[in-house]
$ cat start_39.txt   # compact mmCIF, C-alpha atoms
# COMPACT_ATOMS: atom_id res chain seq x y z
CA MET A 1 14.66 -7.78 10.75
CA GLU A 2 11.71 -9.43 9.01
CA ASP A 3 10.83 -7.86 5.69
CA ARG A 4 7.23 -6.71 5.89
CA ILE A 5 4.94 -4.48 3.84
CA SER A 6 4.52 -1.08 5.48
CA GLY A 7 1.35 0.97 5.55
CA ARG A 8 2.97 3.52 3.24
CA GLN A 9 3.80 0.84 0.68
CA VAL A 10 0.23 -0.46 0.89
CA GLY A 11 -1.10 3.04 0.23
CA ALA A 12 1.23 3.56 -2.73
CA TRP A 13 0.31 0.15 -4.14
CA GLY A 14 -3.37 0.96 -3.79
CA PHE A 15 -2.92 4.34 -5.49
CA CYS A 16 -1.15 2.79 -8.48
CA ALA A 17 -3.75 0.02 -8.77
CA MET A 18 -6.62 2.49 -8.39
CA SER A 19 -5.39 4.49 -11.38
CA VAL A 20 -6.64 1.79 -13.79
CA PRO A 21 -10.36 1.92 -12.91
CA ALA A 22 -10.00 5.68 -12.45
CA VAL A 23 -9.01 6.05 -16.11
CA LEU A 24 -10.93 3.20 -17.74
CA THR A 25 -14.18 3.43 -15.77
CA CYS A 26 -14.46 6.66 -13.81
CA ALA A 27 -13.19 9.04 -16.50
CA GLY A 28 -16.21 8.24 -18.66
CA LEU A 29 -18.77 8.98 -15.94
CA GLY A 30 -20.19 12.03 -14.21
CA TRP A 31 -17.72 13.31 -11.64
CA GLY A 32 -20.37 13.79 -8.96
CA TRP A 33 -21.42 10.15 -9.05
CA VAL A 34 -17.79 9.06 -9.25
CA LEU A 35 -17.07 11.10 -6.13
CA LEU A 36 -20.02 9.51 -4.35
CA GLY A 37 -18.97 5.98 -5.30
CA CYS A 38 -15.33 6.52 -4.35
CA ALA A 39 -16.35 8.12 -1.06
CA ALA A 40 -18.50 5.08 -0.29
CA VAL A 41 -15.57 2.73 -0.96
CA ALA A 42 -13.20 4.89 1.08
CA CYS A 43 -15.65 4.90 4.00
CA TYR A 44 -15.98 1.13 3.74
CA LEU A 45 -12.21 0.67 3.77
CA TYR A 46 -11.87 3.03 6.72
CA VAL A 47 -14.62 1.40 8.77
CA SER A 48 -13.39 -2.11 8.02
CA GLY A 49 -9.89 -1.01 8.98
CA THR A 50 -11.05 0.09 12.43
CA LEU A 51 -12.70 -3.20 13.32
CA THR A 52 -10.95 -6.00 15.23
CA ASN A 53 -8.67 -3.44 16.90
CA GLY A 54 -7.18 -2.45 13.57
CA ALA A 55 -5.92 -5.95 12.67
CA VAL A 56 -4.98 -6.02 9.01
CA ASP A 57 -4.40 -9.73 8.33
CA LEU A 58 -7.69 -11.05 6.96
CA LEU A 59 -6.07 -14.37 6.11
CA ALA A 60 -5.81 -15.31 9.77
CA LEU A 61 -9.06 -13.58 10.74
CA THR A 62 -11.06 -15.57 8.18
CA GLN A 63 -10.22 -18.92 9.75
CA GLU A 64 -10.68 -17.46 13.21
CA ALA A 65 -14.16 -16.25 12.27
CA PHE A 66 -15.47 -19.22 10.30
CA GLY A 67 -13.38 -22.11 11.59
CA LYS A 68 -10.88 -24.20 9.70
CA THR A 69 -13.15 -25.90 7.16
CA LEU A 70 -15.57 -23.09 6.37
CA GLY A 71 -12.75 -20.57 6.57
CA ARG A 72 -10.83 -22.44 3.89
CA ALA A 73 -13.96 -22.45 1.73
CA VAL A 74 -14.31 -18.68 2.13
CA LEU A 75 -10.65 -18.18 1.24
CA ALA A 76 -11.03 -20.49 -1.75
CA LEU A 77 -13.95 -18.40 -3.00
CA GLY A 78 -12.06 -15.15 -2.48
CA GLY A 79 -8.90 -16.50 -4.06
CA ALA A 80 -10.76 -17.83 -7.09
CA PHE A 81 -12.49 -14.49 -7.64
CA CYS A 82 -9.20 -12.59 -7.31
CA LEU A 83 -7.70 -14.96 -9.85
CA LEU A 84 -10.56 -14.30 -12.26
CA ALA A 85 -10.18 -10.57 -11.68
CA ALA A 86 -6.44 -10.86 -12.38
CA ALA A 87 -7.24 -12.67 -15.63
CA GLN A 88 -9.72 -9.95 -16.60
CA THR A 89 -7.15 -7.28 -15.77
CA ALA A 90 -4.62 -8.99 -18.03
CA ASP A 91 -7.21 -9.20 -20.79
CA ARG A 92 -7.92 -5.46 -20.50
CA ALA A 93 -4.23 -4.52 -20.42
CA SER A 94 -4.31 -4.10 -24.19
CA MET A 95 -6.42 -0.98 -23.61
CA ALA A 96 -3.20 0.79 -22.64
CA PHE A 97 -2.24 0.69 -26.32
CA PRO A 98 -5.46 1.35 -28.27
CA ASP A 99 -3.62 2.44 -31.43
CA GLN A 100 -0.89 -0.20 -31.43
CA THR A 101 -0.25 -3.93 -31.30
CA LYS A 102 -2.11 -5.43 -28.34
CA ALA A 103 -1.24 -9.11 -28.42
CA LEU A 104 1.66 -8.96 -25.96
CA ALA A 105 -0.04 -6.83 -23.30
CA ALA A 106 -1.74 -9.69 -21.42
CA PRO A 107 1.25 -12.05 -21.19
CA ALA A 108 3.50 -9.11 -20.32
CA VAL A 109 1.53 -7.98 -17.27
CA ILE A 110 1.03 -11.58 -16.12
CA LEU A 111 4.76 -12.25 -16.40
CA LEU A 112 5.55 -9.08 -14.46
CA ALA A 113 3.07 -10.08 -11.76
CA VAL A 114 4.57 -13.56 -11.49
CA LEU A 115 8.13 -12.26 -11.27
CA SER A 116 7.26 -9.59 -8.72
CA ASN A 117 5.46 -12.12 -6.51
CA ARG A 118 7.81 -15.04 -7.02
CA LYS A 119 9.42 -14.60 -3.60
CA GLY A 120 6.51 -12.90 -1.90
CA ALA A 121 4.42 -9.78 -2.20
CA GLN A 122 7.15 -7.59 -0.70
CA GLN A 123 8.89 -7.22 -4.07
CA ALA A 124 5.73 -5.94 -5.74
CA ALA A 125 5.08 -3.60 -2.81
CA ARG A 126 8.55 -2.08 -3.12
CA ALA A 127 8.14 -1.71 -6.88
CA CYS A 128 4.80 0.08 -6.52
CA GLY A 129 6.25 2.26 -3.79
CA ALA A 130 8.83 3.43 -6.32
CA LEU A 131 6.29 3.75 -9.15
CA PHE A 132 3.94 5.93 -7.11
CA LEU A 133 5.83 9.20 -7.57
CA LEU A 134 6.35 8.59 -11.28
CA LEU A 135 2.71 7.68 -11.83
CA ALA A 136 1.45 10.65 -9.82
CA GLY A 137 3.74 12.94 -11.80
CA LEU A 138 2.53 11.62 -15.15
CA TYR A 139 -1.12 12.12 -14.29
CA ALA A 140 -0.38 15.56 -12.85
CA VAL A 141 1.20 16.63 -16.16
CA ILE A 142 -1.71 15.26 -18.19
CA VAL A 143 -4.38 16.82 -15.98
CA LEU A 144 -2.68 20.22 -15.84
CA ALA A 145 -2.24 20.23 -19.62
CA SER A 146 -5.90 19.24 -20.04
CA LEU A 147 -7.24 22.04 -17.87
CA LYS A 148 -6.34 24.61 -20.55
CA ASN A 149 -8.82 23.00 -22.92
CA ALA A 150 -11.58 22.37 -20.39
CA GLU A 151 -14.92 24.17 -20.63
CA VAL A 152 -16.31 25.05 -17.21
CA ARG A 153 -19.91 24.63 -18.39
CA TRP A 154 -19.18 21.03 -19.39
CA MET A 155 -17.78 20.28 -15.95
CA ALA A 156 -21.17 20.66 -14.29
CA PRO A 157 -22.46 17.47 -12.59
CA TRP A 158 -24.15 15.08 -14.99
CA GLY A 159 -25.14 11.43 -15.23
CA GLY A 160 -27.31 9.30 -12.97
CA ALA A 161 -27.12 7.22 -9.82
CA ARG A 162 -26.52 4.07 -11.86
CA GLN A 163 -23.03 5.36 -12.59
CA THR A 164 -22.17 5.03 -8.91
CA VAL A 165 -23.00 1.33 -9.15
CA ARG A 166 -20.34 1.02 -11.85
CA VAL A 167 -17.74 2.81 -9.75
CA ILE A 168 -18.06 0.86 -6.51
CA PRO A 169 -17.26 -2.67 -7.81
CA ALA A 170 -14.24 -1.38 -9.73
CA MET A 171 -12.82 0.43 -6.71
CA LEU A 172 -13.61 -2.39 -4.28
CA SER A 173 -10.69 -4.31 -5.77
CA LEU A 174 -8.55 -2.35 -3.30
CA ALA A 175 -10.02 -4.54 -0.56
CA SER A 176 -7.54 -7.14 -1.83
CA LEU A 177 -4.90 -5.17 0.04
CA ARG A 178 -6.29 -6.66 3.26
CA TYR A 179 -5.27 -10.15 2.14
CA LEU A 180 -1.63 -9.32 1.53
CA PRO A 181 0.71 -11.51 3.59
CA ASP A 182 3.44 -9.95 5.74
CA ARG A 183 1.60 -6.66 6.00
CA GLN A 184 1.92 -4.35 8.96
CA GLY A 185 0.24 -1.07 9.77
CA ARG A 186 -3.06 0.38 8.62
CA THR A 187 -3.49 2.53 5.53
CA LYS A 188 -3.38 6.24 6.39
CA GLY A 189 -6.33 8.53 5.80
CA GLY A 190 -4.43 10.52 3.18
CA TRP A 191 -4.42 7.55 0.82
CA LEU A 192 -8.17 7.15 1.27
CA GLY A 193 -8.59 10.84 0.48
CA ALA A 194 -6.66 10.35 -2.76
CA LEU A 195 -8.88 7.38 -3.57
CA THR A 196 -11.92 9.62 -3.16
CA LEU A 197 -10.77 12.70 -5.05
CA LEU A 198 -8.48 11.69 -7.90
CA PRO A 199 -10.96 9.59 -9.94
CA ALA A 200 -13.48 12.43 -9.67
CA VAL A 201 -10.85 14.90 -10.89
CA LEU A 202 -10.13 12.74 -13.94
CA ALA A 203 -13.86 12.46 -14.64
CA ALA A 204 -14.37 16.23 -14.37
CA VAL A 205 -11.40 17.06 -16.60
CA THR A 206 -12.44 14.52 -19.22
CA ALA A 207 -15.99 15.86 -19.43
CA GLY A 208 -14.68 19.42 -19.45
CA CYS A 209 -12.49 18.74 -22.47
CA LEU A 210 -14.85 16.56 -24.49
CA SER A 211 -18.36 17.44 -23.23
CA PRO A 212 -20.51 14.93 -21.34
CA ARG A 213 -22.27 13.85 -24.53
CA LEU A 214 -19.07 12.91 -26.35
CA THR A 215 -17.57 11.38 -23.21
CA GLN A 216 -20.41 8.86 -23.03
CA GLN A 217 -19.89 7.80 -26.64
CA LEU A 218 -16.18 6.98 -26.41
CA GLU A 219 -14.66 3.78 -25.10
CA LEU A 220 -11.53 5.51 -23.78
CA PRO A 221 -12.42 9.19 -23.36
CA PHE A 222 -9.39 10.06 -21.24
CA TYR A 223 -7.08 8.72 -23.95
CA THR A 224 -8.92 10.88 -26.48
CA VAL A 225 -8.30 13.93 -24.29
CA SER A 226 -4.56 13.32 -24.48
CA GLN A 227 -4.60 13.44 -28.29
CA SER A 228 -5.17 17.19 -28.46
CA LEU A 229 -3.12 18.69 -25.65
CA SER A 230 -0.47 21.38 -25.73
CA VAL A 231 2.40 21.92 -23.32
CA LEU A 232 3.98 25.40 -23.24
CA ASP A 233 1.81 26.34 -26.25
CA VAL A 234 3.32 23.55 -28.34
CA MET A 235 1.10 20.73 -29.52
CA GLU A 236 2.33 17.47 -28.07
CA ARG A 237 1.16 13.93 -28.50
CA LEU A 238 0.74 12.82 -24.90
CA GLU A 239 -0.82 9.45 -25.71
CA PRO A 240 2.48 7.69 -24.92
CA LEU A 241 2.33 9.19 -21.42
CA VAL A 242 -1.19 7.86 -20.94
CA SER A 243 -0.12 4.45 -22.25
CA ALA A 244 2.90 4.39 -19.94
CA ALA A 245 0.80 5.42 -16.95
CA LEU A 246 -1.84 2.82 -17.75
CA LEU A 247 0.76 0.09 -18.17
CA MET A 248 2.24 0.88 -14.76
CA GLY A 249 -1.24 0.89 -13.29
CA PHE A 250 -2.06 -2.44 -14.89
CA PHE A 251 1.11 -3.91 -13.41
CA ALA A 252 0.15 -2.65 -9.95
CA LEU A 253 -3.42 -3.94 -10.18
CA GLU A 254 -2.39 -7.27 -11.69
CA SER A 255 0.30 -7.86 -9.08
CA LEU A 256 -2.12 -6.92 -6.29
CA LEU A 257 -4.82 -9.32 -7.44
CA PHE A 258 -2.22 -12.00 -8.13
CA ALA A 259 -0.67 -11.63 -4.67
CA SER A 260 -4.08 -11.67 -2.99
CA ALA A 261 -5.19 -14.74 -4.94
CA ARG A 262 -2.00 -16.63 -4.15
CA ALA A 263 -2.11 -15.71 -0.46
CA GLN A 264 -5.65 -17.02 -0.11
CA LEU A 265 -5.16 -20.13 -2.21
CA GLU A 266 -1.98 -20.98 -0.29
CA ARG A 267 -4.13 -21.43 2.80
CA VAL A 268 -6.42 -23.78 0.87
CA VAL A 269 -3.99 -25.83 -1.23
CA PRO A 270 -0.53 -25.22 0.27
CA GLU A 271 1.00 -28.26 -1.42
CA ILE A 272 0.57 -26.50 -4.78
CA PHE A 273 0.69 -22.75 -4.31
CA ARG A 274 3.29 -22.62 -1.53
CA THR A 275 5.88 -24.44 -3.60
CA PRO A 276 8.70 -22.72 -5.55
CA TRP A 277 6.77 -23.25 -8.77
CA GLY A 278 3.40 -22.26 -7.30
CA SER A 279 3.67 -18.71 -8.62
CA TRP A 280 4.32 -19.97 -12.14
CA ALA A 281 1.38 -22.38 -11.92
CA LEU A 282 -0.87 -19.54 -10.86
CA GLY A 283 0.46 -17.39 -13.69
CA ALA A 284 -0.28 -20.11 -16.24
CA LEU A 285 -3.79 -20.46 -14.85
CA THR A 286 -4.29 -16.70 -15.05
CA PHE A 287 -3.12 -16.67 -18.66
CA GLY A 288 -5.54 -19.44 -19.58
CA LEU A 289 -8.46 -17.73 -17.86
CA HIS A 290 -7.89 -14.40 -19.57
CA PHE A 291 -9.26 -15.87 -22.79
CA VAL A 292 -12.69 -16.47 -21.22
CA THR A 293 -13.19 -13.54 -18.84
CA GLY A 294 -14.59 -11.41 -21.65
CA SER A 295 -17.72 -13.57 -21.66
CA ILE A 296 -18.52 -12.74 -18.02
CA GLY A 297 -21.15 -10.03 -17.77
CA GLU A 298 -20.81 -6.75 -15.90
CA ASN A 299 -23.52 -7.72 -13.40
CA ALA A 300 -21.70 -10.94 -12.54
CA TRP A 301 -18.49 -9.01 -11.86
CA ALA A 302 -20.38 -6.53 -9.69
CA LEU A 303 -21.97 -9.35 -7.68
CA GLY A 304 -18.64 -11.11 -7.22
CA ALA A 305 -16.97 -7.89 -6.09
CA ALA A 306 -19.77 -7.15 -3.64
CA VAL A 307 -19.55 -10.62 -2.09
CA CYS A 308 -15.80 -11.31 -2.14
CA TRP A 309 -14.45 -7.79 -1.58
CA GLY A 310 -17.31 -6.27 0.36
CA ILE A 311 -19.59 -8.58 2.31
CA LEU A 312 -17.23 -11.41 3.26
CA PRO A 313 -14.34 -9.25 4.57
CA LEU A 314 -16.75 -7.11 6.59
CA LEU A 315 -18.62 -10.16 7.92
CA THR A 316 -15.32 -11.76 8.88
CA GLN A 317 -14.29 -8.79 10.97
CA LEU A 318 -17.70 -8.40 12.57
CA ILE A 319 -17.69 -12.04 13.68
CA VAL A 320 -14.19 -11.73 15.13
CA ALA A 321 -15.11 -8.46 16.86
CA ILE A 322 -18.18 -10.07 18.44
CA LYS A 323 -16.19 -13.09 19.57
$ encode --input "start_39.txt" --output "structure tokens"
Amino acid sequence: MEDRISGRQVGAWGFCAMSVPAVLTCAGLGWGWVLLGCAAVACYLYVSGTLTNGAVDLLALTQEAFGKTLGRAVLALGGAFCLLAAAQTADRASMAFPDQTKALAAPAVILLAVLSNRKGAQQAARACGALFLLLAGLYAVIVLASLKNAEVRWMAPWGGARQTVRVIPAMLSLASLRYLPDRQGRTKGGWLGALTLLPAVLAAVTAGCLSPRLTQQLELPFYTVSQSLSVLDVMERLEPLVSAALLMGFFALESLLFASARAQLERVVPEIFRTPWGSWALGALTFGLHFVTGSIGENAWALGAAVCWGILPLLTQLIVAIK
């Protein structure tokens, strides 16, 4: 039987990948605006998943919608942006270890992504399917331990609508799941519900423990929360748990973006990226790009995410549905 990626594996992969922007971006924002942004992304993913009779393979649909030449150009644009996003993810992987040596974080997550995708995305999907329970358990422990220190008055909605604009591009990276090769089955609604609620929960708990004012001033507020937690009335340093959870999330997100980039670029330049060494070539390119992604502004990333993960996939499906 052909080895394919199931809908459950896709959901688990998306959950693990989503944990990175949930901690690094959403935890420092007002939970109400985080909830609104995540709900918008979940609605987009649901609506786009119902088009074209529920077809999930955007690789084939892109060329069907735009034709061979223009379709390859669209895939090249999407693949290039996913590659840049993978390089940025590798560059940010050092944030999993804010108090320790950071130099090896980027090459480590890139190497893991290359190895997990060397023979196809199925290996990474199986790995994330196994990591899901562990990652969910780690965050459950951290959140439950944090609730004891949370002030209800600090958990009131705060922030402004601009925070939603920061949430949506970060969460739209999950649209890369639609470009995974050998995928079957749509993502269930339960996974979309988790996408909507869990980042907002992290944001509410973080503000409740630190206060909204302090949360806005810190680069990694959720990590700061873990530095003063107690389990069973004993003070514990839970930063290693946060670092471990973030590292697993970075692996999931990096492997997702890497797999999506390779799948799209294989359709454009098969003589390079479909070869046995194509994965290593893509990994080397990702490593080189991670040195320059820091110079790309936040607005440029938001525009790229809106076009490559929002507008183009939706336009592709609308054209196919009309045809």
$ residues_around --input "start_39.txt" --residues "Tyr139 (chain A)" --least-positions-apart "2" --cutoff "12 Å" --atoms "all atoms listed in the file" --output "VMD selection string"
chain A and resid 15 to 16 19 to 20 22 to 23 132 to 137 141 to 146 198 to 199 201 to 202 205 222 to 223 226 238 to 239 241 to 246 248 to 249
$ closest_atom_pairs --input "start_39.txt" --of "region 20-89 of chain A" --to "region 94-113 of chain A" --cutoff "10 Å" --atoms "all atoms listed in the file" --output "tab-separated table"
residue	atom	partner	partner_atom	distance
A:Val20	CA	A:Ala96	CA	9.5
A:Leu24	CA	A:Met95	CA	8.5
A:Ala86	CA	A:Ile110	CA	8.4
A:Ala87	CA	A:Ile110	CA	8.4
A:Gln88	CA	A:Ala106	CA	9.3
A:Thr89	CA	A:Ala106	CA	8.2
$ residues_around --input "start_39.txt" --residues "Ala76 (chain A)" --least-positions-apart "5" --cutoff "7 Å" --atoms "only C-alpha atoms" --output "PyMOL selection string"
chain A and resi 264-265+268
$ atom_distance --input "start_39.txt" --atom1 "CA of Ala252 (chain A)" --atom2 "CA of Ala17 (chain A)"
4.9 Å
$ closest_residue --input "start_39.txt" --among "A:Val307, A:Cys128, A:Leu115, A:Leu312" --to "Leu59 (chain A)" --atoms "all atoms listed in the file"
A:Leu312
$ closest_residue --input "start_39.txt" --among "A:Leu180, A:Val165, A:Leu218, A:Leu70" --to "Gly14 (chain A)" --atoms "all atoms listed in the file"
A:Leu180
$ closest_residue --input "start_39.txt" --among "A:Thr316, A:Ser279, A:Phe258, A:Pro212" --to "Leu84 (chain A)" --atoms "all atoms listed in the file"
A:Phe258
$ atom_distance --input "start_39.txt" --atom1 "CA of Gly11 (chain A)" --atom2 "CA of Val320 (chain A)"
24.7 Å
$ closest_residue --input "start_39.txt" --among "A:Gly129, A:Gly28, A:Gly288, A:Gly7" --to "Thr206 (chain A)" --atoms "all atoms listed in the file"
A:Gly28
$ closest_residue --input "start_39.txt" --among "A:Leu177, A:Ala194, A:Ile322, A:Ala207" --to "Ser255 (chain A)" --atoms "only C-alpha atoms"
A:Leu177
$ atom_distance --input "start_39.txt" --atom1 "CA of Leu131 (chain A)" --atom2 "CA of Asn117 (chain A)"
16.1 Å
$ closest_residue --input "start_39.txt" --among "A:Gly297, A:Gly190, A:Gly49, A:Gly208" --to "Ala12 (chain A)" --atoms "only C-alpha atoms"
A:Gly190
